[in-house]
$ cat final18.cif   # mmCIF, C-alpha atoms
data_run
#
loop_
_atom_site.group_PDB
_atom_site.id
_atom_site.type_symbol
_atom_site.label_atom_id
_atom_site.label_comp_id
_atom_site.auth_asym_id
_atom_site.auth_seq_id
_atom_site.Cartn_x
_atom_site.Cartn_y
_atom_site.Cartn_z
ATOM 1 C CA MET A 1314 -30.766 72.399 25.227
ATOM 2 C CA ARG A 1315 -27.636 70.480 24.257
ATOM 3 C CA LEU A 1316 -27.308 72.547 21.073
ATOM 4 C CA LYS A 1317 -27.581 75.803 23.043
ATOM 5 C CA ARG A 1318 -24.905 74.687 25.500
ATOM 6 C CA SER A 1319 -22.630 73.684 22.650
ATOM 7 C CA ALA A 1320 -23.052 77.085 20.998
ATOM 8 C CA LEU A 1321 -21.886 78.770 24.196
ATOM 9 C CA LEU A 1322 -18.813 76.537 24.370
ATOM 10 C CA ILE A 1323 -17.893 77.292 20.772
ATOM 11 C CA ALA A 1324 -18.322 81.029 21.310
ATOM 12 C CA ALA A 1325 -15.963 80.835 24.274
ATOM 13 C CA ALA A 1326 -13.411 78.936 22.218
ATOM 14 C CA VAL A 1327 -13.524 81.523 19.427
ATOM 15 C CA THR A 1328 -12.836 84.307 21.941
ATOM 16 C CA LEU A 1329 -9.971 82.355 23.497
ATOM 17 C CA SER A 1330 -8.294 81.667 20.174
ATOM 18 C CA ALA A 1331 -8.492 85.269 18.995
ATOM 19 C CA ALA A 1332 -4.963 85.645 20.435
ATOM 20 C CA THR A 1333 -2.153 84.918 18.004
ATOM 21 C CA PHE A 1334 -1.190 81.263 17.996
ATOM 22 C CA PRO A 1335 2.535 80.612 17.586
ATOM 23 C CA ASP A 1336 3.919 78.500 14.790
ATOM 24 C CA PRO A 1337 5.570 75.308 16.019
ATOM 25 C CA ARG A 1338 9.235 75.897 16.764
ATOM 26 C CA SER A 1339 10.010 72.438 15.429
ATOM 27 C CA ASP A 1340 8.501 70.687 12.432
ATOM 28 C CA LEU A 1341 9.175 67.597 10.376
ATOM 29 C CA ASP A 1342 12.134 67.701 8.044
ATOM 30 C CA LYS A 1343 11.331 68.400 4.416
ATOM 31 C CA GLN A 1344 9.171 65.599 3.074
ATOM 32 C CA SER A 1345 8.513 64.476 -0.493
ATOM 33 C CA GLY A 1346 5.333 62.965 -1.814
ATOM 34 C CA ARG A 1347 1.903 62.940 -0.223
ATOM 35 C CA GLN A 1348 1.783 62.421 3.548
ATOM 36 C CA THR A 1349 -0.950 61.609 6.058
ATOM 37 C CA ALA A 1350 -1.766 62.717 9.584
ATOM 38 C CA VAL A 1351 -4.350 61.116 11.887
ATOM 39 C CA LEU A 1352 -6.027 63.423 14.404
ATOM 40 C CA ALA A 1353 -8.802 62.973 16.966
ATOM 41 C CA GLY A 1354 -10.699 66.034 18.101
ATOM 42 C CA GLY A 1355 -14.253 65.003 18.905
ATOM 43 C CA CYS A 1356 -16.918 64.337 16.289
ATOM 44 C CA PHE A 1357 -15.202 63.594 12.991
ATOM 45 C CA TRP A 1358 -17.848 65.511 11.048
ATOM 46 C CA CYS A 1359 -16.556 68.753 12.569
ATOM 47 C CA THR A 1360 -12.831 68.143 12.230
ATOM 48 C CA GLU A 1361 -13.196 66.750 8.714
ATOM 49 C CA VAL A 1362 -14.803 69.902 7.320
ATOM 50 C CA VAL A 1363 -12.175 72.189 8.878
ATOM 51 C CA PHE A 1364 -9.293 70.409 7.168
ATOM 52 C CA GLU A 1365 -11.209 70.073 3.902
ATOM 53 C CA HIS A 1366 -11.024 73.874 3.703
ATOM 54 C CA LEU A 1367 -7.268 74.015 4.331
ATOM 55 C CA ALA A 1368 -4.997 74.708 1.355
ATOM 56 C CA GLY A 1369 -2.532 71.905 0.743
ATOM 57 C CA VAL A 1370 -4.917 69.262 2.053
ATOM 58 C CA GLU A 1371 -5.951 66.913 -0.730
ATOM 59 C CA LYS A 1372 -8.267 64.491 1.046
ATOM 60 C CA VAL A 1373 -9.838 63.986 4.467
ATOM 61 C CA VAL A 1374 -11.373 60.666 5.514
ATOM 62 C CA SER A 1375 -13.383 60.176 8.700
ATOM 63 C CA GLY A 1376 -12.700 56.985 10.609
ATOM 64 C CA TYR A 1377 -11.591 55.233 13.770
ATOM 65 C CA ALA A 1378 -8.231 54.568 15.423
ATOM 66 C CA GLY A 1379 -6.997 53.181 18.725
ATOM 67 C CA GLY A 1380 -8.990 49.962 18.855
ATOM 68 C CA LYS A 1381 -9.494 46.600 17.171
ATOM 69 C CA ALA A 1382 -10.536 46.102 13.568
ATOM 70 C CA SER A 1383 -13.378 43.817 14.653
ATOM 71 C CA ASP A 1384 -15.300 46.571 16.449
ATOM 72 C CA ALA A 1385 -14.432 49.580 14.293
ATOM 73 C CA ASN A 1386 -18.002 50.522 13.465
ATOM 74 C CA TYR A 1387 -20.118 53.536 14.348
ATOM 75 C CA LYS A 1388 -22.709 51.689 16.413
ATOM 76 C CA LEU A 1389 -20.129 50.382 18.881
ATOM 77 C CA VAL A 1390 -17.714 53.310 18.783
ATOM 78 C CA SER A 1391 -20.380 55.989 19.322
ATOM 79 C CA ALA A 1392 -21.714 54.031 22.297
ATOM 80 C CA GLY A 1393 -18.264 54.094 23.895
ATOM 81 C CA ARG A 1394 -18.004 50.297 23.805
ATOM 82 C CA THR A 1395 -14.592 50.164 22.108
ATOM 83 C CA ASP A 1396 -11.149 51.723 22.564
ATOM 84 C CA HIS A 1397 -11.438 53.714 19.352
ATOM 85 C CA ALA A 1398 -11.506 57.455 18.933
ATOM 86 C CA GLU A 1399 -13.330 59.182 16.113
ATOM 87 C CA VAL A 1400 -10.488 60.452 13.919
ATOM 88 C CA ILE A 1401 -9.717 61.962 10.558
ATOM 89 C CA GLU A 1402 -6.965 60.902 8.200
ATOM 90 C CA VAL A 1403 -5.618 63.999 6.457
ATOM 91 C CA THR A 1404 -3.733 63.526 3.197
ATOM 92 C CA TYR A 1405 -1.613 66.590 2.517
ATOM 93 C CA ASP A 1406 1.058 67.976 0.231
ATOM 94 C CA PRO A 1407 4.025 68.891 2.480
ATOM 95 C CA SER A 1408 5.279 71.363 -0.132
ATOM 96 C CA ARG A 1409 2.157 73.431 0.528
ATOM 97 C CA VAL A 1410 1.280 72.761 4.165
ATOM 98 C CA THR A 1411 3.534 71.240 6.825
ATOM 99 C CA TYR A 1412 2.756 68.799 9.607
ATOM 100 C CA GLY A 1413 3.355 71.597 12.086
ATOM 101 C CA GLN A 1414 0.819 73.829 10.343
ATOM 102 C CA LEU A 1415 -1.745 71.038 10.488
ATOM 103 C CA LEU A 1416 -1.120 70.865 14.230
ATOM 104 C CA LYS A 1417 -1.556 74.616 14.554
ATOM 105 C CA VAL A 1418 -5.008 74.398 12.963
ATOM 106 C CA PHE A 1419 -5.834 71.317 15.008
ATOM 107 C CA PHE A 1420 -5.055 73.005 18.334
ATOM 108 C CA SER A 1421 -6.354 76.497 17.571
ATOM 109 C CA VAL A 1422 -9.409 75.838 15.404
ATOM 110 C CA ALA A 1423 -10.533 72.236 15.042
ATOM 111 C CA HIS A 1424 -11.163 71.388 18.707
ATOM 112 C CA ASP A 1425 -10.551 72.264 22.366
ATOM 113 C CA PRO A 1426 -7.371 70.449 23.452
ATOM 114 C CA THR A 1427 -8.025 71.090 27.149
ATOM 115 C CA GLN A 1428 -10.911 68.606 27.194
ATOM 116 C CA LEU A 1429 -9.816 64.981 27.179
ATOM 117 C CA ASN A 1430 -12.986 62.936 26.717
ATOM 118 C CA ARG A 1431 -15.413 65.567 25.530
ATOM 119 C CA GLN A 1432 -15.963 68.035 22.724
ATOM 120 C CA GLY A 1433 -19.006 70.297 22.730
ATOM 121 C CA PRO A 1434 -22.125 68.227 23.414
ATOM 122 C CA ASP A 1435 -20.315 64.900 22.918
ATOM 123 C CA TYR A 1436 -18.991 62.889 25.862
ATOM 124 C CA GLY A 1437 -16.869 59.756 26.092
ATOM 125 C CA LYS A 1438 -13.395 58.438 25.295
ATOM 126 C CA GLN A 1439 -14.425 58.027 21.667
ATOM 127 C CA TYR A 1440 -14.375 61.844 21.475
ATOM 128 C CA ARG A 1441 -10.979 62.227 23.111
ATOM 129 C CA SER A 1442 -8.339 64.704 22.075
ATOM 130 C CA ALA A 1443 -5.457 62.731 20.583
ATOM 131 C CA VAL A 1444 -2.780 62.695 17.931
ATOM 132 C CA PHE A 1445 -2.045 59.283 16.443
ATOM 133 C CA TYR A 1446 1.583 59.387 15.356
ATOM 134 C CA LYS A 1447 3.177 57.139 12.743
ATOM 135 C CA THR A 1448 6.816 57.913 13.514
ATOM 136 C CA GLU A 1449 8.948 59.046 16.423
ATOM 137 C CA ALA A 1450 9.654 62.228 14.486
ATOM 138 C CA GLU A 1451 5.942 63.079 14.445
ATOM 139 C CA LYS A 1452 5.683 62.300 18.147
ATOM 140 C CA LYS A 1453 8.541 64.649 19.001
ATOM 141 C CA VAL A 1454 7.005 67.500 16.977
ATOM 142 C CA VAL A 1455 3.667 67.109 18.763
ATOM 143 C CA GLU A 1456 5.261 66.863 22.213
ATOM 144 C CA ALA A 1457 7.322 69.988 21.567
ATOM 145 C CA TYR A 1458 4.317 71.958 20.297
ATOM 146 C CA ILE A 1459 2.133 70.995 23.264
ATOM 147 C CA ALA A 1460 4.905 72.107 25.617
ATOM 148 C CA GLN A 1461 5.251 75.345 23.661
ATOM 149 C CA LEU A 1462 1.499 76.075 23.827
ATOM 150 C CA ASN A 1463 1.281 75.244 27.530
ATOM 151 C CA ALA A 1464 4.222 77.561 28.233
ATOM 152 C CA ALA A 1465 2.506 80.342 26.269
ATOM 153 C CA LYS A 1466 -0.597 79.951 28.474
ATOM 154 C CA LEU A 1467 -2.994 80.437 25.577
ATOM 155 C CA PHE A 1468 -5.608 78.301 27.305
ATOM 156 C CA MET A 1469 -7.093 78.644 30.753
ATOM 157 C CA ASP A 1470 -6.415 74.955 31.404
ATOM 158 C CA PRO A 1471 -3.512 72.668 30.445
ATOM 159 C CA ILE A 1472 -3.602 70.797 27.164
ATOM 160 C CA VAL A 1473 -4.610 67.174 27.773
ATOM 161 C CA THR A 1474 -4.205 65.828 24.228
ATOM 162 C CA THR A 1475 -2.816 62.308 24.293
ATOM 163 C CA LEU A 1476 -0.218 60.899 21.922
ATOM 164 C CA GLU A 1477 -0.984 57.392 20.724
ATOM 165 C CA PRO A 1478 0.903 55.238 18.217
ATOM 166 C CA LEU A 1479 -1.112 54.614 15.076
ATOM 167 C CA THR A 1480 -1.560 50.893 14.584
ATOM 168 C CA LYS A 1481 -4.377 51.038 12.048
ATOM 169 C CA PHE A 1482 -6.748 53.596 10.571
ATOM 170 C CA HIS A 1483 -10.252 52.292 9.835
ATOM 171 C CA PRO A 1484 -12.390 54.398 7.467
ATOM 172 C CA ALA A 1485 -15.870 55.116 8.787
ATOM 173 C CA GLU A 1486 -19.067 54.174 7.013
ATOM 174 C CA ASP A 1487 -19.779 55.918 3.697
ATOM 175 C CA TYR A 1488 -22.541 58.136 5.058
ATOM 176 C CA HIS A 1489 -20.080 59.793 7.447
ATOM 177 C CA GLN A 1490 -17.761 60.924 4.662
ATOM 178 C CA ASP A 1491 -18.225 64.592 3.647
ATOM 179 C CA PHE A 1492 -21.127 64.698 6.096
ATOM 180 C CA VAL A 1493 -21.130 68.467 6.506
ATOM 181 C CA LYS A 1494 -20.963 69.080 2.759
ATOM 182 C CA ASN A 1495 -23.830 66.673 2.212
ATOM 183 C CA ASN A 1496 -25.916 67.874 5.169
ATOM 184 C CA PRO A 1497 -25.134 71.602 5.497
ATOM 185 C CA ARG A 1498 -28.372 72.441 7.333
ATOM 186 C CA HIS A 1499 -28.303 69.577 9.813
ATOM 187 C CA GLY A 1500 -28.883 71.042 13.305
ATOM 188 C CA TYR A 1501 -25.702 69.573 14.782
ATOM 189 C CA VAL A 1502 -23.678 70.780 11.807
ATOM 190 C CA VAL A 1503 -25.030 74.342 11.974
ATOM 191 C CA VAL A 1504 -24.178 74.680 15.659
ATOM 192 C CA ASN A 1505 -20.947 72.705 15.903
ATOM 193 C CA ALA A 1506 -19.240 72.459 12.508
ATOM 194 C CA TRP A 1507 -19.767 75.622 10.491
ATOM 195 C CA PRO A 1508 -18.560 77.954 13.295
ATOM 196 C CA LYS A 1509 -15.194 76.167 13.167
ATOM 197 C CA VAL A 1510 -14.919 76.772 9.439
ATOM 198 C CA GLU A 1511 -15.675 80.451 10.002
ATOM 199 C CA LYS A 1512 -13.027 80.515 12.717
ATOM 200 C CA LEU A 1513 -10.468 79.070 10.295
ATOM 201 C CA LYS A 1514 -11.323 81.752 7.742
ATOM 202 C CA LYS A 1515 -11.039 84.482 10.352
ATOM 203 C CA LEU A 1516 -7.738 83.383 11.908
ATOM 204 C CA TYR A 1517 -5.908 82.064 8.846
ATOM 205 C CA PRO A 1518 -7.514 83.502 5.691
ATOM 206 C CA GLU A 1519 -4.287 82.954 3.741
ATOM 207 C CA TRP A 1520 -4.478 79.211 4.439
ATOM 208 C CA VAL A 1521 -8.035 78.699 3.219
ATOM 209 C CA LYS A 1522 -8.657 77.095 -0.169
ATOM 210 C CA LYS A 1523 -9.773 79.603 -2.765
#

$ encode --input "final18.cif" --output "structure tokens"
Amino acid sequence: MRLKRSALLIAAAVTLSAATFPDPRSDLDKQSGRQTAVLAGGCFWCTEVVFEHLAGVEKVVSGYAGGKASDANYKLVSAGRTDHAEVIEVTYDPSRVTYGQLLKVFFSVAHDPTQLNRQGPDYGKQYRSAVFYKTEAEKKVVEAYIAQLNAAKLFMDPIVTTLEPLTKFHPAEDYHQDFVKNNPRHGYVVVNAWPKVEKLKKLYPEWVKK
């Protein structure tokens, strides 16, 4: 029953995002060297696999952010007993994909930014929509893009994504890394993860790794 409900939510999201998403009007200044972005959009299995397919992204690590190091483990986080969110750390080449483009994929494909503490069948603050920024420059780009998307009225409801300073990223347990690649027929993956990858390919085919 939960899988069926989730499928309906994803179908609705695909229809909503069929409209053209604008590029961010502001982006980070030209960067050199590899950079990282930490994003929270529900279950990290689903967001991880989306960004693994994005050209210019070199590595994606599932993990936790927003809480203490002492309780950054799946048992406690998934039970909602910590302040962490499930996140991904995206390592990218800014000469091939910009921070703003990562945000565009995050808001239009990877998750529903109008739901604060829920994504699909998953409930709780550990599944919140959030961007963990490292610098004030990143924060300003995210704030401007959220304002831009809200003004464009692309969603039926306002964007509720929170902006939180990144204090520490904690990698998740090994079995969570590349979970979709390693478990492509898992029921949760089939219903919740692969449709997002197909959405990425449909909306931004030129951005997908060959």

$ resolve_selection --input "final18.cif" --expression "the PyMOL selection byres ((chain A and resi 1436) around 12)" --output "PyMOL selection string"
chain A and resi 1315+1319+1354-1356+1390-1393+1398-1399+1428-1435+1437-1442

$ resolve_selection --input "final18.cif" --expression "the PyMOL selection byres ((chain A and resi 1402-1410) around 10)" --output "ChimeraX atom specification"
/A:1341-1353,1357,1361,1364-1365,1367-1378,1400-1401,1411-1415,1445,1482-1484,1520

$ atom_distance --input "final18.cif" --atom1 "atom CA of Lys1494 of chain A" --atom2 "atom CA of Tyr1517 of chain A"
20.8 Å

$ closest_residue --input "final18.cif" --among "A:Ala1485, A:Glu1477, A:Lys1466, A:Asp1425" --to "Leu1389 of chain A" --atoms "all atoms listed in the file"
A:Ala1485

$ closest_residue --input "final18.cif" --among "A:Cys1359, A:Val1503, A:Asp1340, A:Val1418" --to "Pro1518 of chain A" --atoms "only C-alpha atoms"
A:Val1418

$ atom_distance --input "final18.cif" --atom1 "atom CA of Val1444 of chain A" --atom2 "atom CA of Phe1468 of chain A"
18.4 Å

$ closest_residue --input "final18.cif" --among "A:Leu1516, A:Trp1358, A:Ala1382, A:Leu1476" --to "Ala1457 of chain A" --atoms "all atoms listed in the file"
A:Leu1476

$ atom_distance --input "final18.cif" --atom1 "atom CA of Gln1461 of chain A" --atom2 "atom CA of Asp1396 of chain A"
28.8 Å

$ resolve_selection --input "final18.cif" --expression "the PyMOL selection byres ((chain A and resi 1460) around 12)" --output "list in words"
Pro1335, Pro1337, Arg1338, Ser1339, Lys1453, Val1454, Val1455, Glu1456, Ala1457, Tyr1458, Ile1459, Gln1461, Leu1462, Asn1463, Ala1464, Ala1465, Lys1466, Leu1467, Pro1471, Ile1472, Val1473 and Thr1474 of chain A

$ closest_residue --input "final18.cif" --among "A:Ala1423, A:Leu1479, A:Leu1416, A:Ala1506" --to "Glu1449 of chain A" --atoms "all atoms listed in the file"
A:Leu1479

$ closest_residue --input "final18.cif" --among "A:Lys1514, A:Arg1498, A:Lys1481, A:Lys1522" --to "Gly1379 of chain A" --atoms "only C-alpha atoms"
A:Lys1481

$ axis_aligned_box --input "final18.cif" --around "segment 1450-1455 of chain A" --padding-each-side "5 Å" --output "AutoDock Vina command-line options"
--center_x 6.7 --center_y 64.9 --center_z 16.7 --size_x 16.0 --size_y 15.3 --size_z 14.6
